[in-house]
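Structure first, then comments.
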Amino acid sequence: MPELPEVETVCRGIEPHVSAQRIAKVTVRDRRMRWPIPADLEQRLTGRRIEQVSRRAKYIVLLLDSGDRLLIHLGMSGRLRVLAPDVAAIRHDHLDMLLANDVLLRLNDPRRFGAVLLWDAGDDDHELLAHLGPEPFDPAFNGDYLFNRSRGRRGAVKNFVMDGQVVVGAGNIYASEALFRAGIRPGRAAGRVSRAEYAQLARHIREVLEAAIRQGGTTLRDFVGASGHAGYFQQDLSVYGRTLQPCRTCASPIKRLVIGQRSSFYCPTCQR
DNA sequence: AGATTCGCCTGAGAGC
DNA sequence: TGCTCTCAGGCGAATC
């Protein structure tokens, strides 16, 4: 499942192949995604040049010379890959962009939780990005910020940090890992976590995401090839998916708990 | 406003 | 081998 580090890895991976390239041909095979791929996508993209590749939360943002921005979200199962122009399409291939340098940028998404959207030139913001919280690497994201935002909130601290309006990029895996590193149980009420604990939590959210980006993500989304294999960060997971396995710090069995419909993992000894 | 639930999807893995 | 069942999960929308 692509989380922020995977999306960042994809952005860095495609950037040298697509930046400053003109889009020669656009093929949409299946418009059905989370929202339908816009009907005027082909017309708005064809002939345009890609000026910049960036990321906001888990959205890939391609800035075009028209001023429009193409937003791509990979959802749960999306893959964006750089291929040779003659690679045959397979099931669940939704979108092709053939670039002037003969690079084929192809989006495949079996579960269709992903999205392809246009952010119109001239619009200050896009509705889906307008209410997002800070990036975890933004200096504005720190312990005091989390502490202030969380006062009065009775929901679980794990849900709080996974809320994209609070901070982006702390998906299920990384939220669990950061809470472990900070020694905070995931089910605690967000409003009852101390300022000092939030300072640790903010630091660990940032660090765990940075470490994962350095290693190319937990689930490596292979953008220049066909095979997908586990990213190196997988082996660094302390609690996620390790139910009943011994804590690497204290050997207590890791517990699994469902919070807000999602699996959460924690060490009952190291986290309080 | 905050918290909770629902729904969208298909592939992987388990069980038989 | 092949079927059925369960689970996974980002995140917007609806509801409480």
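FYI, nothing fancy with the structure tokens labels: chains A, B, ... in order, residues from 1 per chain, ligands from 1 as they appear.
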Item to check | Contacts of Asp40 of chain A within 12 Å, only C-alpha atoms (C1' of nucleotides), excl. fewer than 2 positions in-chain, as a ChimeraX atom specification | outcome: /A:26-28,31,36-38,42-46,116-118,120
Checklist entry - Using only C-alpha atoms (C1' of nucleotides), which chain B residues lie at most 9 Å away from chain A, written as number ranges by chain? => result B: 2-4, 8-11
Item to check | Filtered DSSP result for segment 56-102 of chain A, state strand (DSSP E or B), as an MDAnalysis selection string | outcome: chainID A and resid 56 59:64 69:73 79:83 93:99
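Residue nearest chain C within the list A:Val168, A:Ala211, A:Ala182, A:Ala24: A:Val168 [criterion: smallest interatomic distance, only C-alpha atoms (C1' of nucleotides)].
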Given only C-alpha atoms (C1' of nucleotides), how would the per-residue table for chain A near chain C read, listing every residue at most 12 Å away with its closest atom pair and distance in Å to one decimal, sorted by chain and number, as CSV?
```
residue,atom,partner,partner_atom,distance
A:Met1,CA,C:DG9,C1',7.8
A:Pro2,CA,C:DG10,C1',9.4
A:Glu3,CA,C:DG10,C1',9.1
A:Leu4,CA,C:DG10,C1',11.3
A:Arg34,CA,C:DG12,C1',9.8
A:Trp35,CA,C:DG12,C1',10.8
A:Ala57,CA,C:DG10,C1',11.6
A:Lys58,CA,C:DG10,C1',9.5
A:Tyr59,CA,C:DG10,C1',11.5
A:His73,CA,C:DG10,C1',9.6
A:Leu74,CA,C:DG10,C1',9.2
A:Gly75,CA,C:DG10,C1',5.8
A:Met76,CA,C:DG10,C1',6.5
A:Ser77,CA,C:DG9,C1',9.6
A:Gly78,CA,C:DG10,C1',11.4
A:Arg111,CA,C:DG9,C1',10.6
A:Arg112,CA,C:DG10,C1',11.2
A:Phe113,CA,C:DG10,C1',7.5
A:Gly114,CA,C:DG10,C1',8.6
A:Ala115,CA,C:DG10,C1',11.1
A:Glu127,CA,C:DG12,C1',11.5
A:Leu128,CA,C:DG12,C1',9.2
A:Leu132,CA,C:DC11,C1',11.9
A:Met162,CA,C:DG10,C1',10.4
A:Asp163,CA,C:DC11,C1',9.5
A:Gly164,CA,C:DC11,C1',8.9
A:Gln165,CA,C:DC11,C1',11.3
A:Val168,CA,C:DG10,C1',11.7
A:Gly169,CA,C:DG10,C1',10.8
A:Ala170,CA,C:DG10,C1',11.3
A:Gly171,CA,C:DG10,C1',8.5
A:Asn172,CA,C:DG9,C1',8.7
A:Ile173,CA,C:DG9,C1',10.8
A:Gly241,CA,C:DA8,C1',11.8
A:Gly260,CA,C:DG9,C1',11.8
A:Gln261,CA,C:DG9,C1',9.5
A:Arg262,CA,C:DG9,C1',7.9
A:Ser263,CA,C:DA8,C1',9.6
```
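Residue nearest Gln200 of chain A, chosen from A:Ser264, A:Gln21, A:Ser66, A:Asn142 and counting only C-alpha atoms: A:Asn142.
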Checklist outcome for this item: Students should find that atom CA of Pro253 of chain A and atom CA of Thr269 of chain A are spaced 9.0 Å
Next on the checklist: Run DSSP on the backbone and tell me which residues of segment 59-185 of chain A come out as helix (DSSP H, G or I); list them as a PyMOL selection string.
Outcome noted: chain A and resi 127-130+143-150+157-162+172-182
For the selection you just gave me, I'd like the residues written to a file as a tab-separated table (two decimals), in the first residue's frame, keeping C-alpha atoms.
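File produced: result25.tsv:
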```
chain	number	residue	atom	x	y	z
A	127	GLU	CA	-10.56	21.15	-3.05
A	128	LEU	CA	-8.90	17.88	-2.07
A	129	LEU	CA	-5.70	19.61	-1.00
A	130	ALA	CA	-7.20	22.71	0.55
A	143	GLY	CA	5.13	18.72	19.38
A	144	ASP	CA	3.51	22.00	20.31
A	145	TYR	CA	1.39	21.93	17.17
A	146	LEU	CA	0.14	18.42	17.94
A	147	PHE	CA	-0.43	19.29	21.57
A	148	ASN	CA	-2.47	22.39	20.72
A	149	ARG	CA	-4.53	20.69	18.04
A	150	SER	CA	-5.33	17.72	20.25
A	157	VAL	CA	-4.17	9.37	19.46
A	158	LYS	CA	-3.52	7.01	16.57
A	159	ASN	CA	-6.59	8.24	14.71
A	160	PHE	CA	-5.58	11.79	15.53
A	161	VAL	CA	-2.19	11.55	13.85
A	162	MET	CA	-3.67	9.62	10.92
A	172	ASN	CA	-1.41	3.01	9.36
A	173	ILE	CA	2.06	1.46	9.25
A	174	TYR	CA	4.00	4.58	10.12
A	175	ALA	CA	1.57	5.77	12.78
A	176	SER	CA	1.99	2.44	14.57
A	177	GLU	CA	5.76	2.59	14.28
A	178	ALA	CA	6.03	6.20	15.43
A	179	LEU	CA	3.80	5.54	18.45
A	180	PHE	CA	6.02	2.62	19.39
A	181	ARG	CA	9.16	4.71	19.15
A	182	ALA	CA	7.52	7.44	21.21
```
